[in-house]
Amino acid sequence: MKKQQLIIEHELKCNSPNIIWDLLSTDSGLTRWLADDVKQQGDKLTFTWGEVWKHHEIRTATIVKNIKLKCIRIKWDDEEGTDSYFELRLEKGHITNDYVLTIIDFAWEDELESIRAIWNDNLTRLRLTCGI
């Protein structure tokens with residue numbers, strides 16, 4: 001069985017691609033909305049969810065594609081296959097001139113809705129903590 005592709009588009013309330021890109025492509029930016037802590041060393045990322053001294057999850061990933069102000073693809077180190085990454089794309093809308101964040105992720109069919117809910121929670125956190 002193959003994972004299903006999940007695509008989420010989210011309009012951002014920000015006119016500065018540099019501010020948005022910083023939130024999508026740096027450890028400090030990702031820490032603000034995607035995980036409780038993100039550390040970067042070269043192309044390697046370490047994501048931590050939860051408190052280190054309590055229940056937590058740590059996953060490592062590698063940045064496999066990074067086109068400044070366009071897209072970043074992050075592949076999980078503990079998974080194999082062509083569907084073991086997520087991608088964050090930044091595009092400017094043609095009608096409103098607002099920026100749109102497109103998230104591409106993969107999940108097993110029975111996990112699609114929970115993964116979508118997690119991404120929606122992350123996008124809410126992005127809006128609340130960063131105002132975009």
# chains A, B, ... in the order shown; residues from 1 in each chain; ligands from 1

call {"tool": "residues_around", "arguments": {"residues": "stretch 91-95 of chain A", "least_positions_apart": "5", "cutoff": "9 Å", "atoms": "only C-alpha atoms", "output": "PyMOL selection string"}}
result
chain A and resi 11+17+69-71+100-102

call {"tool": "write_last_selection", "arguments": {"atoms": "all heavy atoms", "output": "mmCIF file, in the first residue's frame"}}
result
data_model
loop_
_atom_site.group_PDB
_atom_site.id
_atom_site.type_symbol
_atom_site.label_atom_id
_atom_site.label_comp_id
_atom_site.auth_asym_id
_atom_site.auth_seq_id
_atom_site.Cartn_x
_atom_site.Cartn_y
_atom_site.Cartn_z
ATOM 1 N N GLU A 11 -3.655 30.868 2.534
ATOM 2 C CA GLU A 11 -3.325 32.251 2.210
ATOM 3 C C GLU A 11 -2.703 32.920 3.429
ATOM 4 O O GLU A 11 -3.198 32.804 4.550
ATOM 5 C CB GLU A 11 -4.578 33.010 1.789
ATOM 6 C CG GLU A 11 -4.277 34.379 1.237
ATOM 7 C CD GLU A 11 -5.502 35.065 0.655
ATOM 8 O OE1 GLU A 11 -6.389 34.354 0.151
ATOM 9 O OE2 GLU A 11 -5.562 36.290 0.713
ATOM 10 N N PRO A 17 8.003 38.488 1.311
ATOM 11 C CA PRO A 17 8.436 37.110 1.105
ATOM 12 C C PRO A 17 9.628 36.745 1.990
ATOM 13 O O PRO A 17 9.770 35.583 2.387
ATOM 14 C CB PRO A 17 8.793 37.060 -0.379
ATOM 15 C CG PRO A 17 9.067 38.479 -0.755
ATOM 16 C CD PRO A 17 8.193 39.318 0.125
ATOM 17 N N LEU A 69 12.988 31.541 -1.366
ATOM 18 C CA LEU A 69 11.732 32.253 -1.611
ATOM 19 C C LEU A 69 10.742 31.466 -2.466
ATOM 20 O O LEU A 69 9.723 31.993 -2.891
ATOM 21 C CB LEU A 69 11.966 33.637 -2.226
ATOM 22 C CG LEU A 69 12.852 34.583 -1.423
ATOM 23 C CD1 LEU A 69 13.092 35.867 -2.205
ATOM 24 C CD2 LEU A 69 12.251 34.883 -0.063
ATOM 25 N N LYS A 70 11.018 30.180 -2.702
ATOM 26 C CA LYS A 70 10.128 29.352 -3.536
ATOM 27 C C LYS A 70 9.653 28.091 -2.816
ATOM 28 O O LYS A 70 8.469 27.900 -2.623
ATOM 29 C CB LYS A 70 10.818 28.952 -4.844
ATOM 30 C CG LYS A 70 11.130 30.094 -5.768
ATOM 31 C CD LYS A 70 9.884 30.628 -6.413
ATOM 32 C CE LYS A 70 10.245 31.739 -7.378
ATOM 33 N NZ LYS A 70 9.117 32.546 -7.737
ATOM 34 N N CYS A 71 10.608 27.206 -2.467
ATOM 35 C CA CYS A 71 10.185 25.954 -1.827
ATOM 36 C C CYS A 71 11.335 25.332 -1.045
ATOM 37 O O CYS A 71 12.507 25.556 -1.329
ATOM 38 C CB CYS A 71 9.631 24.959 -2.847
ATOM 39 S SG CYS A 71 10.857 24.159 -3.861
ATOM 40 N N VAL A 100 0.705 32.652 -0.836
ATOM 41 C CA VAL A 100 0.025 31.405 -0.503
ATOM 42 C C VAL A 100 1.083 30.379 -0.142
ATOM 43 O O VAL A 100 2.061 30.190 -0.876
ATOM 44 C CB VAL A 100 -0.831 30.904 -1.688
ATOM 45 C CG1 VAL A 100 -1.447 29.549 -1.378
ATOM 46 C CG2 VAL A 100 -1.904 31.918 -2.043
ATOM 47 N N LEU A 101 0.889 29.722 0.995
ATOM 48 C CA LEU A 101 1.743 28.613 1.416
ATOM 49 C C LEU A 101 1.062 27.326 0.996
ATOM 50 O O LEU A 101 -0.092 27.083 1.367
ATOM 51 C CB LEU A 101 1.937 28.638 2.936
ATOM 52 C CG LEU A 101 2.629 27.420 3.550
ATOM 53 C CD1 LEU A 101 4.039 27.262 2.999
ATOM 54 C CD2 LEU A 101 2.637 27.534 5.065
ATOM 55 N N THR A 102 1.758 26.535 0.206
ATOM 56 C CA THR A 102 1.250 25.225 -0.183
ATOM 57 C C THR A 102 2.089 24.175 0.536
ATOM 58 O O THR A 102 3.320 24.186 0.441
ATOM 59 C CB THR A 102 1.330 25.012 -1.710
ATOM 60 O OG1 THR A 102 0.579 26.044 -2.353
ATOM 61 C CG2 THR A 102 0.789 23.650 -2.102
#

call {"tool": "residues_around", "arguments": {"residues": "A:Glu79", "least_positions_apart": "4", "cutoff": "12 Å", "atoms": "only C-alpha atoms", "output": "list in words"}}
result
Arg59, Thr60, Ala61, Thr62, Ile74, Lys75, Asp83, Ser84, Tyr85, Phe86 and Phe106 of chain A

call {"tool": "closest_residue", "arguments": {"among": "A:Met1, A:Ile63, A:Val38, A:Leu90", "to": "A:Asp110", "atoms": "only C-alpha atoms"}}
result
A:Met1

call {"tool": "select_by_dssp", "arguments": {"residues": "chain A", "states": "alpha helix (DSSP H)", "output": "VMD selection string"}}
result
chain A and resid 17 to 25 27 to 33 112 to 130

call {"tool": "select_by_dssp", "arguments": {"residues": "stretch 4-75 of chain A", "states": "strand (DSSP E)", "output": "ChimeraX atom specification"}}
result
/A:4-11,37-41,44-50,56-67,71-75

call {"tool": "atom_distance", "arguments": {"atom1": "atom CA of A:Asp121", "atom2": "atom CA of A:Asp43"}}
result
25.9 Å

call {"tool": "atom_distance", "arguments": {"atom1": "atom CA of A:Phe47", "atom2": "atom CA of A:Asp98"}}
result
29.0 Å

call {"tool": "residues_around", "arguments": {"residues": "A:Thr96", "least_positions_apart": "6", "cutoff": "12 Å", "atoms": "only C-alpha atoms", "output": "MDAnalysis selection string"}}
result
chainID A and resid 11:15

call {"tool": "atom_distance", "arguments": {"atom1": "atom CA of A:Asn122", "atom2": "atom CA of A:Ala35"}}
result
8.4 Å
